[in-house]
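*Asks:* One file is attached below, start_36.cif, containing mmCIF, C-alpha atoms and all ligand atoms; chains and numbers go by the auth columns.
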```cif
data_model
#
loop_
_atom_site.group_PDB
_atom_site.id
_atom_site.type_symbol
_atom_site.label_atom_id
_atom_site.label_comp_id
_atom_site.label_asym_id
_atom_site.label_seq_id
_atom_site.Cartn_x
_atom_site.Cartn_y
_atom_site.Cartn_z
_atom_site.B_iso_or_equiv
_atom_site.auth_seq_id
_atom_site.auth_asym_id
ATOM 1 C CA MET A 1 -2.589 -46.401 20.043 0.00 26 A
ATOM 2 C CA THR A 2 -4.528 -44.800 17.240 0.00 27 A
ATOM 3 C CA GLU A 3 -7.008 -41.973 17.563 0.00 28 A
ATOM 4 C CA THR A 4 -9.912 -41.250 15.297 0.00 29 A
ATOM 5 C CA LEU A 5 -10.018 -37.853 13.606 0.00 30 A
ATOM 6 C CA ASP A 6 -12.855 -36.473 15.703 0.00 31 A
ATOM 7 C CA ALA A 7 -13.686 -32.804 16.193 0.00 32 A
ATOM 8 C CA GLU A 8 -12.052 -32.625 19.614 0.00 33 A
ATOM 9 C CA LEU A 9 -8.768 -34.017 18.318 0.00 34 A
ATOM 10 C CA VAL A 10 -8.816 -31.583 15.411 0.00 35 A
ATOM 11 C CA ARG A 11 -9.319 -28.684 17.840 0.00 36 A
ATOM 12 C CA ARG A 12 -6.447 -29.852 20.021 0.00 37 A
ATOM 13 C CA VAL A 13 -4.074 -30.146 17.072 0.00 38 A
ATOM 14 C CA ASP A 14 -5.030 -26.646 15.902 0.00 39 A
ATOM 15 C CA ALA A 15 -4.432 -25.281 19.428 0.00 40 A
ATOM 16 C CA TYR A 16 -1.092 -27.109 19.667 0.00 41 A
ATOM 17 C CA ILE A 17 0.173 -25.489 16.452 0.00 42 A
ATOM 18 C CA GLU A 18 -1.158 -22.098 17.521 0.00 43 A
ATOM 19 C CA ARG A 19 0.614 -22.259 20.901 0.00 44 A
ATOM 20 C CA LEU A 20 3.905 -22.984 19.172 0.00 45 A
ATOM 21 C CA PHE A 21 3.757 -20.610 16.216 0.00 46 A
ATOM 22 C CA VAL A 22 1.258 -17.801 16.779 0.00 47 A
ATOM 23 C CA PRO A 23 2.167 -15.541 19.684 0.00 48 A
ATOM 24 C CA ARG A 24 -0.620 -13.615 21.341 0.00 49 A
ATOM 25 C CA ASP A 25 -1.141 -10.263 19.672 0.00 50 A
ATOM 26 C CA GLU A 26 -3.002 -7.338 21.173 0.00 51 A
ATOM 27 C CA ALA A 27 -4.216 -5.730 17.921 0.00 52 A
ATOM 28 C CA LEU A 28 -5.486 -9.015 16.466 0.00 53 A
ATOM 29 C CA GLU A 29 -7.214 -10.028 19.687 0.00 54 A
ATOM 30 C CA ARG A 30 -8.789 -6.609 19.989 0.00 55 A
ATOM 31 C CA ALA A 31 -10.122 -6.831 16.421 0.00 56 A
ATOM 32 C CA LEU A 32 -11.878 -10.076 17.334 0.00 57 A
ATOM 33 C CA ALA A 33 -13.186 -8.712 20.641 0.00 58 A
ATOM 34 C CA MET A 34 -14.642 -5.692 18.827 0.00 59 A
ATOM 35 C CA ALA A 35 -16.268 -7.938 16.212 0.00 60 A
ATOM 36 C CA ARG A 36 -17.791 -10.073 18.961 0.00 61 A
ATOM 37 C CA ALA A 37 -19.032 -6.993 20.862 0.00 62 A
ATOM 38 C CA ALA A 38 -20.617 -5.652 17.662 0.00 63 A
ATOM 39 C CA GLY A 39 -22.444 -8.938 17.164 0.00 64 A
ATOM 40 C CA PHE A 40 -20.708 -9.724 13.859 0.00 65 A
ATOM 41 C CA PRO A 41 -20.534 -13.355 12.717 0.00 66 A
ATOM 42 C CA LEU A 42 -17.280 -14.874 14.004 0.00 67 A
ATOM 43 C CA ILE A 43 -16.185 -16.240 10.639 0.00 68 A
ATOM 44 C CA HIS A 44 -12.722 -14.699 10.435 0.00 69 A
ATOM 45 C CA VAL A 45 -9.789 -16.926 9.511 0.00 70 A
ATOM 46 C CA SER A 46 -8.254 -18.811 12.437 0.00 71 A
ATOM 47 C CA PRO A 47 -4.987 -17.556 13.954 0.00 72 A
ATOM 48 C CA ASN A 48 -3.096 -20.371 12.224 0.00 73 A
ATOM 49 C CA LEU A 49 -4.656 -19.568 8.856 0.00 74 A
ATOM 50 C CA GLY A 50 -3.870 -15.879 9.414 0.00 75 A
ATOM 51 C CA LYS A 51 -0.247 -16.870 9.933 0.00 76 A
ATOM 52 C CA LEU A 52 -0.320 -18.886 6.693 0.00 77 A
ATOM 53 C CA LEU A 53 -1.706 -15.885 4.757 0.00 78 A
ATOM 54 C CA TYR A 54 1.064 -13.741 6.237 0.00 79 A
ATOM 55 C CA LEU A 55 3.764 -16.286 5.356 0.00 80 A
ATOM 56 C CA VAL A 56 2.586 -16.724 1.760 0.00 81 A
ATOM 57 C CA ALA A 57 2.555 -12.954 1.267 0.00 82 A
ATOM 58 C CA ARG A 58 6.057 -12.679 2.761 0.00 83 A
ATOM 59 C CA MET A 59 7.436 -15.617 0.749 0.00 84 A
ATOM 60 C CA MET A 60 6.358 -14.064 -2.538 0.00 85 A
ATOM 61 C CA ARG A 61 7.277 -10.539 -1.391 0.00 86 A
ATOM 62 C CA ALA A 62 3.762 -9.355 -2.251 0.00 87 A
ATOM 63 C CA ALA A 63 3.626 -5.581 -2.567 0.00 88 A
ATOM 64 C CA ARG A 64 0.017 -5.390 -3.808 0.00 89 A
ATOM 65 C CA ILE A 65 -2.653 -7.513 -2.146 0.00 90 A
ATOM 66 C CA LEU A 66 -6.369 -7.783 -2.962 0.00 91 A
ATOM 67 C CA GLU A 67 -8.790 -9.168 -0.382 0.00 92 A
ATOM 68 C CA ILE A 68 -12.441 -9.950 -1.078 0.00 93 A
ATOM 69 C CA GLY A 69 -14.429 -9.969 2.198 0.00 94 A
ATOM 70 C CA THR A 70 -13.081 -7.736 5.010 0.00 95 A
ATOM 71 C CA LEU A 71 -15.446 -8.328 7.958 0.00 96 A
ATOM 72 C CA ALA A 72 -13.698 -6.697 10.969 0.00 97 A
ATOM 73 C CA GLY A 73 -10.285 -6.641 9.300 0.00 98 A
ATOM 74 C CA TYR A 74 -8.756 -9.633 11.108 0.00 99 A
ATOM 75 C CA SER A 75 -7.292 -11.334 8.007 0.00 100 A
ATOM 76 C CA THR A 76 -6.611 -7.849 6.604 0.00 101 A
ATOM 77 C CA ILE A 77 -4.265 -7.082 9.518 0.00 102 A
ATOM 78 C CA TRP A 78 -2.385 -10.363 8.982 0.00 103 A
ATOM 79 C CA LEU A 79 -1.946 -9.634 5.258 0.00 104 A
ATOM 80 C CA ALA A 80 -1.144 -5.938 5.670 0.00 105 A
ATOM 81 C CA ARG A 81 1.651 -6.781 8.121 0.00 106 A
ATOM 82 C CA ALA A 82 3.342 -8.809 5.387 0.00 107 A
ATOM 83 C CA LEU A 83 3.594 -5.779 3.079 0.00 108 A
ATOM 84 C CA PRO A 84 6.738 -3.710 2.602 0.00 109 A
ATOM 85 C CA PRO A 85 6.421 -0.095 3.827 0.00 110 A
ATOM 86 C CA ASP A 86 5.306 1.128 0.394 0.00 111 A
ATOM 87 C CA GLY A 87 2.957 -1.846 -0.188 0.00 112 A
ATOM 88 C CA ARG A 88 -0.813 -1.581 -0.764 0.00 113 A
ATOM 89 C CA LEU A 89 -3.758 -3.719 0.194 0.00 114 A
ATOM 90 C CA VAL A 90 -7.242 -3.201 -1.244 0.00 115 A
ATOM 91 C CA THR A 91 -10.036 -4.999 0.612 0.00 116 A
ATOM 92 C CA LEU A 92 -13.634 -5.236 -0.630 0.00 117 A
ATOM 93 C CA GLU A 93 -16.615 -5.298 1.736 0.00 118 A
ATOM 94 C CA LEU A 94 -20.364 -5.050 1.192 0.00 119 A
ATOM 95 C CA ASP A 95 -21.483 -4.107 4.700 0.00 120 A
ATOM 96 C CA GLU A 96 -20.744 -0.516 5.772 0.00 121 A
ATOM 97 C CA ARG A 97 -20.848 -1.514 9.465 0.00 122 A
ATOM 98 C CA HIS A 98 -18.180 -4.171 8.878 0.00 123 A
ATOM 99 C CA ALA A 99 -16.067 -1.675 6.917 0.00 124 A
ATOM 100 C CA ALA A 100 -16.376 0.956 9.666 0.00 125 A
ATOM 101 C CA LEU A 101 -15.185 -1.413 12.402 0.00 126 A
ATOM 102 C CA ALA A 102 -12.434 -2.757 10.136 0.00 127 A
ATOM 103 C CA ARG A 103 -11.198 0.809 9.585 0.00 128 A
ATOM 104 C CA GLU A 104 -10.937 1.262 13.349 0.00 129 A
ATOM 105 C CA ASN A 105 -9.180 -2.077 13.836 0.00 130 A
ATOM 106 C CA LEU A 106 -6.708 -1.406 11.024 0.00 131 A
ATOM 107 C CA GLU A 107 -5.921 1.984 12.527 0.00 132 A
ATOM 108 C CA HIS A 108 -5.368 0.447 15.948 0.00 133 A
ATOM 109 C CA ALA A 109 -3.038 -2.123 14.366 0.00 134 A
ATOM 110 C CA GLY A 110 -1.097 0.686 12.679 0.00 135 A
ATOM 111 C CA VAL A 111 -1.600 -0.616 9.140 0.00 136 A
ATOM 112 C CA ASP A 112 -4.373 1.734 7.951 0.00 137 A
ATOM 113 C CA SER A 113 -2.063 3.848 5.768 0.00 138 A
ATOM 114 C CA ARG A 114 -1.376 0.791 3.573 0.00 139 A
ATOM 115 C CA VAL A 115 -4.991 -0.386 3.338 0.00 140 A
ATOM 116 C CA GLU A 116 -7.923 0.861 1.293 0.00 141 A
ATOM 117 C CA ILE A 117 -11.404 -0.502 2.058 0.00 142 A
ATOM 118 C CA ARG A 118 -13.874 -0.286 -0.823 0.00 143 A
ATOM 119 C CA VAL A 119 -17.482 -0.607 0.241 0.00 144 A
ATOM 120 C CA GLY A 120 -19.968 -2.206 -2.149 0.00 145 A
ATOM 121 C CA HIS A 121 -20.690 -5.480 -3.912 0.00 146 A
ATOM 122 C CA ALA A 122 -17.267 -6.976 -4.555 0.00 147 A
ATOM 123 C CA ALA A 123 -18.106 -7.923 -8.153 0.00 148 A
ATOM 124 C CA GLY A 124 -18.964 -4.288 -8.927 0.00 149 A
ATOM 125 C CA SER A 125 -15.800 -3.029 -7.226 0.00 150 A
ATOM 126 C CA LEU A 126 -13.704 -5.545 -9.174 0.00 151 A
ATOM 127 C CA ARG A 127 -15.309 -4.498 -12.480 0.00 152 A
ATOM 128 C CA ALA A 128 -14.635 -0.839 -11.664 0.00 153 A
ATOM 129 C CA MET A 129 -10.994 -1.644 -10.891 0.00 154 A
ATOM 130 C CA ILE A 130 -10.606 -3.564 -14.159 0.00 155 A
ATOM 131 C CA ALA A 131 -12.194 -0.682 -16.104 0.00 156 A
ATOM 132 C CA ALA A 132 -9.896 1.816 -14.355 0.00 157 A
ATOM 133 C CA GLY A 133 -6.815 -0.177 -15.427 0.00 158 A
ATOM 134 C CA GLU A 134 -5.751 -0.902 -11.838 0.00 159 A
ATOM 135 C CA ALA A 135 -2.205 -2.346 -11.650 0.00 160 A
ATOM 136 C CA PRO A 136 -2.049 -6.130 -11.144 0.00 161 A
ATOM 137 C CA PHE A 137 -2.105 -7.633 -7.660 0.00 162 A
ATOM 138 C CA ASP A 138 0.554 -10.085 -6.490 0.00 163 A
ATOM 139 C CA LEU A 139 -1.775 -11.891 -4.096 0.00 164 A
ATOM 140 C CA VAL A 140 -5.570 -12.267 -4.030 0.00 165 A
ATOM 141 C CA PHE A 141 -7.492 -13.665 -1.044 0.00 166 A
ATOM 142 C CA ILE A 142 -11.111 -14.623 -1.755 0.00 167 A
ATOM 143 C CA ASP A 143 -13.242 -14.906 1.419 0.00 168 A
ATOM 144 C CA ALA A 144 -16.674 -13.311 0.818 0.00 169 A
ATOM 145 C CA ASP A 145 -20.077 -14.760 -0.240 0.00 170 A
ATOM 146 C CA LYS A 146 -19.508 -18.317 -1.406 0.00 171 A
ATOM 147 C CA GLU A 147 -22.057 -18.168 -4.255 0.00 172 A
ATOM 148 C CA SER A 148 -19.875 -15.591 -6.040 0.00 173 A
ATOM 149 C CA TYR A 149 -16.515 -17.352 -5.778 0.00 174 A
ATOM 150 C CA VAL A 150 -16.410 -18.427 -9.449 0.00 175 A
ATOM 151 C CA GLU A 151 -17.162 -14.866 -10.546 0.00 176 A
ATOM 152 C CA TYR A 152 -14.589 -13.453 -8.100 0.00 177 A
ATOM 153 C CA LEU A 153 -11.952 -15.793 -9.490 0.00 178 A
ATOM 154 C CA ASP A 154 -12.657 -14.734 -13.078 0.00 179 A
ATOM 155 C CA LEU A 155 -12.609 -11.040 -12.207 0.00 180 A
ATOM 156 C CA SER A 156 -9.514 -11.403 -9.979 0.00 181 A
ATOM 157 C CA LEU A 157 -7.594 -13.033 -12.805 0.00 182 A
ATOM 158 C CA GLN A 158 -8.166 -9.866 -14.843 0.00 183 A
ATOM 159 C CA LEU A 159 -6.354 -8.028 -12.025 0.00 184 A
ATOM 160 C CA ALA A 160 -3.464 -10.497 -11.812 0.00 185 A
ATOM 161 C CA ARG A 161 -0.257 -11.310 -13.714 0.00 186 A
ATOM 162 C CA PRO A 162 1.705 -14.500 -14.382 0.00 187 A
ATOM 163 C CA GLY A 163 3.075 -15.555 -10.998 0.00 188 A
ATOM 164 C CA SER A 164 0.279 -13.960 -8.977 0.00 189 A
ATOM 165 C CA VAL A 165 -1.045 -16.179 -6.199 0.00 190 A
ATOM 166 C CA VAL A 166 -4.772 -16.654 -5.520 0.00 191 A
ATOM 167 C CA LEU A 167 -6.084 -18.109 -2.247 0.00 192 A
ATOM 168 C CA ALA A 168 -9.735 -18.955 -1.532 0.00 193 A
ATOM 169 C CA ASP A 169 -11.079 -19.830 1.929 0.00 194 A
ATOM 170 C CA ASN A 170 -13.668 -22.344 3.140 0.00 195 A
ATOM 171 C CA LEU A 171 -13.443 -24.914 0.362 0.00 196 A
ATOM 172 C CA ILE A 172 -14.052 -28.096 2.398 0.00 197 A
ATOM 173 C CA ARG A 173 -16.870 -26.978 4.718 0.00 198 A
ATOM 174 C CA HIS A 174 -16.631 -29.647 7.410 0.00 199 A
ATOM 175 C CA ALA A 175 -16.212 -32.214 4.613 0.00 200 A
ATOM 176 C CA ARG A 176 -19.699 -31.455 3.288 0.00 201 A
ATOM 177 C CA VAL A 177 -18.186 -31.008 -0.202 0.00 202 A
ATOM 178 C CA LEU A 178 -17.977 -34.821 -0.203 0.00 203 A
ATOM 179 C CA GLU A 179 -21.790 -35.000 -0.506 0.00 204 A
ATOM 180 C CA ASP A 180 -22.865 -35.869 -4.048 0.00 205 A
ATOM 181 C CA VAL A 181 -25.688 -33.342 -4.122 0.00 206 A
ATOM 182 C CA PRO A 182 -25.340 -31.036 -1.096 0.00 207 A
ATOM 183 C CA GLN A 183 -28.594 -29.706 0.378 0.00 208 A
ATOM 184 C CA ASP A 184 -26.854 -26.470 1.340 0.00 209 A
ATOM 185 C CA ALA A 185 -26.635 -23.856 -1.448 0.00 210 A
ATOM 186 C CA GLN A 186 -23.270 -22.542 -0.199 0.00 211 A
ATOM 187 C CA VAL A 187 -21.771 -26.016 -0.160 0.00 212 A
ATOM 188 C CA ARG A 188 -23.089 -26.561 -3.700 0.00 213 A
ATOM 189 C CA ALA A 189 -21.488 -23.280 -4.771 0.00 214 A
ATOM 190 C CA ILE A 190 -18.179 -24.235 -3.159 0.00 215 A
ATOM 191 C CA LYS A 191 -18.245 -27.643 -4.863 0.00 216 A
ATOM 192 C CA ALA A 192 -18.779 -25.907 -8.190 0.00 217 A
ATOM 193 C CA PHE A 193 -15.925 -23.530 -7.392 0.00 218 A
ATOM 194 C CA ASN A 194 -13.563 -26.369 -6.498 0.00 219 A
ATOM 195 C CA GLU A 195 -14.347 -28.145 -9.754 0.00 220 A
ATOM 196 C CA ALA A 196 -13.903 -24.922 -11.767 0.00 221 A
ATOM 197 C CA LEU A 197 -10.602 -24.247 -9.995 0.00 222 A
ATOM 198 C CA ALA A 198 -9.297 -27.752 -10.643 0.00 223 A
ATOM 199 C CA ALA A 199 -10.182 -27.440 -14.344 0.00 224 A
ATOM 200 C CA ASP A 200 -8.918 -23.873 -14.791 0.00 225 A
ATOM 201 C CA ALA A 201 -6.164 -23.926 -17.427 0.00 226 A
ATOM 202 C CA ARG A 202 -4.952 -20.480 -16.357 0.00 227 A
ATOM 203 C CA LEU A 203 -3.872 -21.767 -12.945 0.00 228 A
ATOM 204 C CA GLU A 204 -1.979 -24.473 -11.105 0.00 229 A
ATOM 205 C CA SER A 205 -3.796 -25.187 -7.852 0.00 230 A
ATOM 206 C CA LEU A 206 -4.296 -27.313 -4.780 0.00 231 A
ATOM 207 C CA ILE A 207 -6.611 -27.255 -1.773 0.00 232 A
ATOM 208 C CA LEU A 208 -4.944 -27.620 1.630 0.00 233 A
ATOM 209 C CA PRO A 209 -7.180 -29.102 4.318 0.00 234 A
ATOM 210 C CA ILE A 210 -7.201 -26.774 7.319 0.00 235 A
ATOM 211 C CA VAL A 211 -8.266 -27.721 10.818 0.00 236 A
ATOM 212 C CA ARG A 212 -10.051 -25.156 12.889 0.00 237 A
ATOM 213 C CA GLU A 213 -12.958 -26.176 15.112 0.00 238 A
ATOM 214 C CA LYS A 214 -13.897 -28.312 12.161 0.00 239 A
ATOM 215 C CA LEU A 215 -12.301 -29.432 8.963 0.00 240 A
ATOM 216 C CA ASP A 216 -12.119 -26.792 6.235 0.00 241 A
ATOM 217 C CA GLY A 217 -9.697 -25.913 3.457 0.00 242 A
ATOM 218 C CA ILE A 218 -7.976 -23.158 1.528 0.00 243 A
ATOM 219 C CA SER A 219 -6.867 -23.236 -2.090 0.00 244 A
ATOM 220 C CA VAL A 220 -3.463 -22.092 -3.247 0.00 245 A
ATOM 221 C CA SER A 221 -3.132 -21.235 -6.942 0.00 246 A
ATOM 222 C CA ILE A 222 -0.449 -19.674 -9.077 0.00 247 A
ATOM 223 C CA VAL A 223 -1.294 -17.858 -12.316 0.00 248 A
ATOM 224 C CA LYS A 224 0.578 -19.427 -15.252 0.00 249 A
HETATM 225 N N1 LIG B . -11.670 -12.180 5.572 0.00 1 B
HETATM 226 C C1 LIG B . -12.328 -11.962 6.862 0.00 1 B
HETATM 227 C C2 LIG B . -13.663 -12.673 6.936 0.00 1 B
HETATM 228 C C3 LIG B . -14.629 -12.298 5.858 0.00 1 B
HETATM 229 S S1 LIG B . -16.258 -12.874 6.210 0.00 1 B
HETATM 230 C C4 LIG B . -11.433 -12.487 7.968 0.00 1 B
HETATM 231 O O1 LIG B . -10.956 -13.622 7.826 0.00 1 B
HETATM 232 O O2 LIG B . -11.208 -11.780 8.947 0.00 1 B
HETATM 233 C C5 LIG B . -17.051 -12.469 4.721 0.00 1 B
HETATM 234 C C6 LIG B . -17.314 -10.980 4.504 0.00 1 B
HETATM 235 O O3 LIG B . -17.761 -10.837 3.166 0.00 1 B
HETATM 236 C C7 LIG B . -18.408 -10.382 5.408 0.00 1 B
HETATM 237 O O4 LIG B . -17.938 -9.245 6.078 0.00 1 B
HETATM 238 C C8 LIG B . -19.512 -10.002 4.438 0.00 1 B
HETATM 239 O O5 LIG B . -20.208 -8.814 4.790 0.00 1 B
HETATM 240 C C9 LIG B . -18.732 -9.814 3.143 0.00 1 B
HETATM 241 N N2 LIG B . -19.552 -9.941 1.933 0.00 1 B
HETATM 242 C C10 LIG B . -20.627 -10.759 1.736 0.00 1 B
HETATM 243 N N3 LIG B . -21.097 -10.593 0.499 0.00 1 B
HETATM 244 C C11 LIG B . -20.316 -9.679 -0.111 0.00 1 B
HETATM 245 C C12 LIG B . -20.302 -9.082 -1.398 0.00 1 B
HETATM 246 N N4 LIG B . -21.203 -9.406 -2.331 0.00 1 B
HETATM 247 N N5 LIG B . -19.340 -8.171 -1.677 0.00 1 B
HETATM 248 C C13 LIG B . -18.419 -7.830 -0.753 0.00 1 B
HETATM 249 N N6 LIG B . -18.372 -8.369 0.473 0.00 1 B
HETATM 250 C C14 LIG B . -19.314 -9.275 0.799 0.00 1 B
HETATM 251 C C1 LIG B . -17.872 -19.464 7.589 0.00 2 B
HETATM 252 C C2 LIG B . -16.508 -19.327 7.731 0.00 2 B
HETATM 253 C C3 LIG B . -15.809 -18.456 6.941 0.00 2 B
HETATM 254 O O1 LIG B . -14.465 -18.313 7.058 0.00 2 B
HETATM 255 C C4 LIG B . -16.465 -17.698 5.997 0.00 2 B
HETATM 256 O O2 LIG B . -15.722 -16.870 5.228 0.00 2 B
HETATM 257 C C5 LIG B . -17.828 -17.816 5.844 0.00 2 B
HETATM 258 C C6 LIG B . -18.534 -18.704 6.640 0.00 2 B
HETATM 259 C C7 LIG B . -18.599 -20.407 8.454 0.00 2 B
HETATM 260 O O3 LIG B . -17.939 -21.096 9.237 0.00 2 B
HETATM 261 O O4 LIG B . -19.811 -20.472 8.361 0.00 2 B
HETATM 262 MG MG MG B . -13.581 -17.566 5.374 0.00 3 B
#
```
Kindly present the structure from the file in structure tokens form.

*Replies:*
Amino acid sequence: MTETLDAELVRRVDAYIERLFVPRDEALERALAMARAAGFPLIHVSPNLGKLLYLVARMMRAARILEIGTLAGYSTIWLARALPPDGRLVTLELDERHAALARENLEHAGVDSRVEIRVGHAAGSLRAMIAAGEAPFDLVFIDADKESYVEYLDLSLQLARPGSVVLADNLIRHARVLEDVPQDAQVRAIKAFNEALAADARLESLILPIVREKLDGISVSIVK
């Protein structure tokens, strides 16, 4: 018997993997409950993608992590837990309300001492960090406004070193990137990002399709 790749099947496969590999976790679940109660958009990474972020950070022994787009700190908790005790994570967030709740969630998860949230437009924060001669990051996770992804990649690479890993979320958008000329401005921006990433001579990259409620994808790149 064959089954078509419909949304329901995708959801069931995602849930199957989650049941096997992502144990329930009080601090992570609380972070999501708080975000829901505050009326924030529920656009955090899925539990399975959180686990992937954690594993990549552990595999490369990342001691310095940069995240662009904090929201309520859900992905931040996953990444911060991968750090060694003296590791650092800097996460960039535009919305002060998001940053305030993230601070609370990070504290509850016991990772706040390793995390610094910088509030403001991420591009401005990145430029300030470059100007200040900030030490390079081992791992960068791009997950904020889609229209700025190309700029975030260029700025991030000025805060990276050979061997640094860059990940970017939401690159398939329910397969809408397959449209020749997408109506949606975000999908157009993501298409442009994917093409820029594929052509970027500074990196070796791939997009992994990710199933959540729908089909999406995350890129994995290594800086040459
Ligand atoms: N990484 C989070 C989800 C981030 S959602 C998680 O998986 O848990 C995207 C976030 O980017 C939102 O909180 C939004 O406020 C923030 N954002 C949007 N535009 C931004 C900008 N220009 N600079 C910094 N953050 C921005
Ligand atoms: C959406 C999901 C995300 O992970 C994100 O960063 C932004 C938007 C969404 O599903 O709309
Ligand atoms: Mg995302």

*Asks:* On this structure, which residues satisfy the PyMOL selection byres (((chain A and resi 85) around 9) and not hetatm), written as an MDAnalysis selection string?

*Replies:* chainID A and resid 80:84 86:88 163:164 189:190

*Asks:* Would you kindly translate the PyMOL selection byres (((not hetatm)) within 7 of (chain B and resi 1)) into the concrete residues it picks from this file, as a list in words?

*Replies:*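 Expected selection for the PyMOL selection byres (((not hetatm)) within 7 of (chain B and resi 1)) here is Ile68, His69, Val70, Ile93, Gly94, Thr95, Leu96, Ala97, Gly98, Tyr99, Ser100, Thr101, Leu117, Glu118, Leu119, Asp120, His123, Gly145, His146, Ala147, Ala148, Asp168, Ala169 and Asp170 of chain A.
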
*Asks:* Around (2.6, -13.6, -18.4) in the file's own coordinates, what residues are found within 7 Å if you use only C-alpha atoms, given back as a PDB file with C-alpha atoms, in the frame of the given file?

*Replies:*
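part-v9.pdb written:
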```pdb
ATOM      1  CA  ARG A 186      -0.257 -11.310 -13.714  1.00  0.00           C
ATOM      2  CA  PRO A 187       1.705 -14.500 -14.382  1.00  0.00           C
ATOM      3  CA  LYS A 249       0.578 -19.427 -15.252  1.00  0.00           C
TER       4      LYS A 249
END
```

*Asks:* Can you list, as a PyMOL selection string, every protein, DNA or RNA residue that comes within 8 Å of region 33-47 of chain A when you count all atoms listed in the file, leaving out same-chain residues fewer than 3 positions away?

*Replies:* chain A and resi 29-30+72-73+76+236-240

*Asks:* Of the residues A:Ile90, A:Ile247, A:Ser71, A:Val191, which is the one nearest to Ile142 (chain A), using only C-alpha atoms?

*Replies:*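 Smallest separation from Ile142 (chain A) among the options: A:Ile90.
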
*Asks:* Which residues would end up in the selection if the PyMOL selection byres (((chain A and resi 180) around 12) and not hetatm) were applied here, given that I need the answer as a short mmCIF file (atom, residue, chain, number, x, y, z; two decimals) with C-alpha atoms, keeping the file's coordinate frame?

*Replies:*
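This is the output file expr_21.cif:
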```cif
data_model
loop_
_atom_site.label_atom_id
_atom_site.label_comp_id
_atom_site.auth_asym_id
_atom_site.auth_seq_id
_atom_site.Cartn_x
_atom_site.Cartn_y
_atom_site.Cartn_z
CA LEU A 91 -6.37 -7.78 -2.96
CA ILE A 93 -12.44 -9.95 -1.08
CA ALA A 147 -17.27 -6.98 -4.56
CA ALA A 148 -18.11 -7.92 -8.15
CA GLY A 149 -18.96 -4.29 -8.93
CA SER A 150 -15.80 -3.03 -7.23
CA LEU A 151 -13.70 -5.54 -9.17
CA ARG A 152 -15.31 -4.50 -12.48
CA ALA A 153 -14.64 -0.84 -11.66
CA MET A 154 -10.99 -1.64 -10.89
CA ILE A 155 -10.61 -3.56 -14.16
CA ALA A 156 -12.19 -0.68 -16.10
CA PRO A 161 -2.05 -6.13 -11.14
CA PHE A 162 -2.10 -7.63 -7.66
CA VAL A 165 -5.57 -12.27 -4.03
CA ILE A 167 -11.11 -14.62 -1.76
CA SER A 173 -19.88 -15.59 -6.04
CA TYR A 174 -16.52 -17.35 -5.78
CA VAL A 175 -16.41 -18.43 -9.45
CA GLU A 176 -17.16 -14.87 -10.55
CA TYR A 177 -14.59 -13.45 -8.10
CA LEU A 178 -11.95 -15.79 -9.49
CA ASP A 179 -12.66 -14.73 -13.08
CA SER A 181 -9.51 -11.40 -9.98
CA LEU A 182 -7.59 -13.03 -12.80
CA GLN A 183 -8.17 -9.87 -14.84
CA LEU A 184 -6.35 -8.03 -12.02
CA ALA A 185 -3.46 -10.50 -11.81
CA VAL A 191 -4.77 -16.65 -5.52
#
```

*Asks:* Could you check which of A:Ala223, A:Ala63, A:Leu74, A:Leu114 is closest to ligand LIG 2 (chain B), using all atoms listed in the file?

*Replies:*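 Answer, going by the shortest atom-to-atom distance: A:Leu74.
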
*Asks:* What is the distance, in Å and to one decimal place, between CA of Leu131 (chain A) and CA of Arg198 (chain A)?

*Replies:* 28.2 Å

*Asks:* Enter the distance from CA of Glu172 (chain A) to CA of Arg113 (chain A), in Å, rounded to one decimal.

*Replies:*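 About the pair CA of Glu172 (chain A) and CA of Arg113 (chain A): they are 27.2 Å apart.
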
*Asks:* For the atom pair CA of Ile215 (chain A) and CA of Leu104 (chain A), what is the interatomic distance in Å to one decimal place?

*Replies:*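 So the two atoms, CA of Ile215 (chain A) and CA of Leu104 (chain A), lie 23.4 Å apart.
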
*Asks:* Of the candidates A:Thr116, A:Val140, A:Leu231, A:Ala32, which shows the shortest atom-to-atom distance to Ala200 (chain A), using all atoms listed in the file?

*Replies:* A:Ala32

*Asks:* Which neighbours of Ser138 (chain A) fall inside 12 Å, counting only C-alpha atoms, when residues of the same chain fewer than 4 positions from it are skipped, and could you give them as a ChimeraX atom specification?

*Replies:* /A:102,105-106,108,110-115,128-129,131-134,142

*Asks:* Nearest to ligand MG 3 (chain B) among A:Val202, A:Ala221, A:Leu77, A:Ile243, with distances taken over only C-alpha atoms and all ligand atoms: which residue is it?

*Replies:* A:Ile243

*Asks:* Write out as a PyMOL selection string the residues lying within 10 Å of Ser244 (chain A), counting only C-alpha atoms and excluding same-chain residues fewer than 5 positions away.

*Replies:* chain A and resi 166-167+191-197+219+222-223+230-234

*Asks:* To box ligand LIG 2 (chain B), take all atoms listed in the file, fit an axis-aligned box, add 6 Å on each side, and give centre and edge lengths in Å to one decimal, as lines of an AutoDock Vina configuration file.

*Replies:*
```
center_x = -17.1
center_y = -19.0
center_z = 7.2
size_x = 17.3
size_y = 16.2
size_z = 16.0
```

*Asks:* Check the smallest atom-to-atom distance from each of A:Met59, A:Ala210, A:Ala52, A:Ala224 to Gly135 (chain A) using all atoms listed in the file, then report the winner.

*Replies:*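 Comparing A:Met59, A:Ala210, A:Ala52, A:Ala224 against Gly135 (chain A), the winner is A:Ala52.
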
*Asks:* Return the single residue from A:Pro109, A:Pro207, A:His199, A:Phe65 that is closest to Ile235 (chain A), with distances computed using only C-alpha atoms.

*Replies:* A:His199
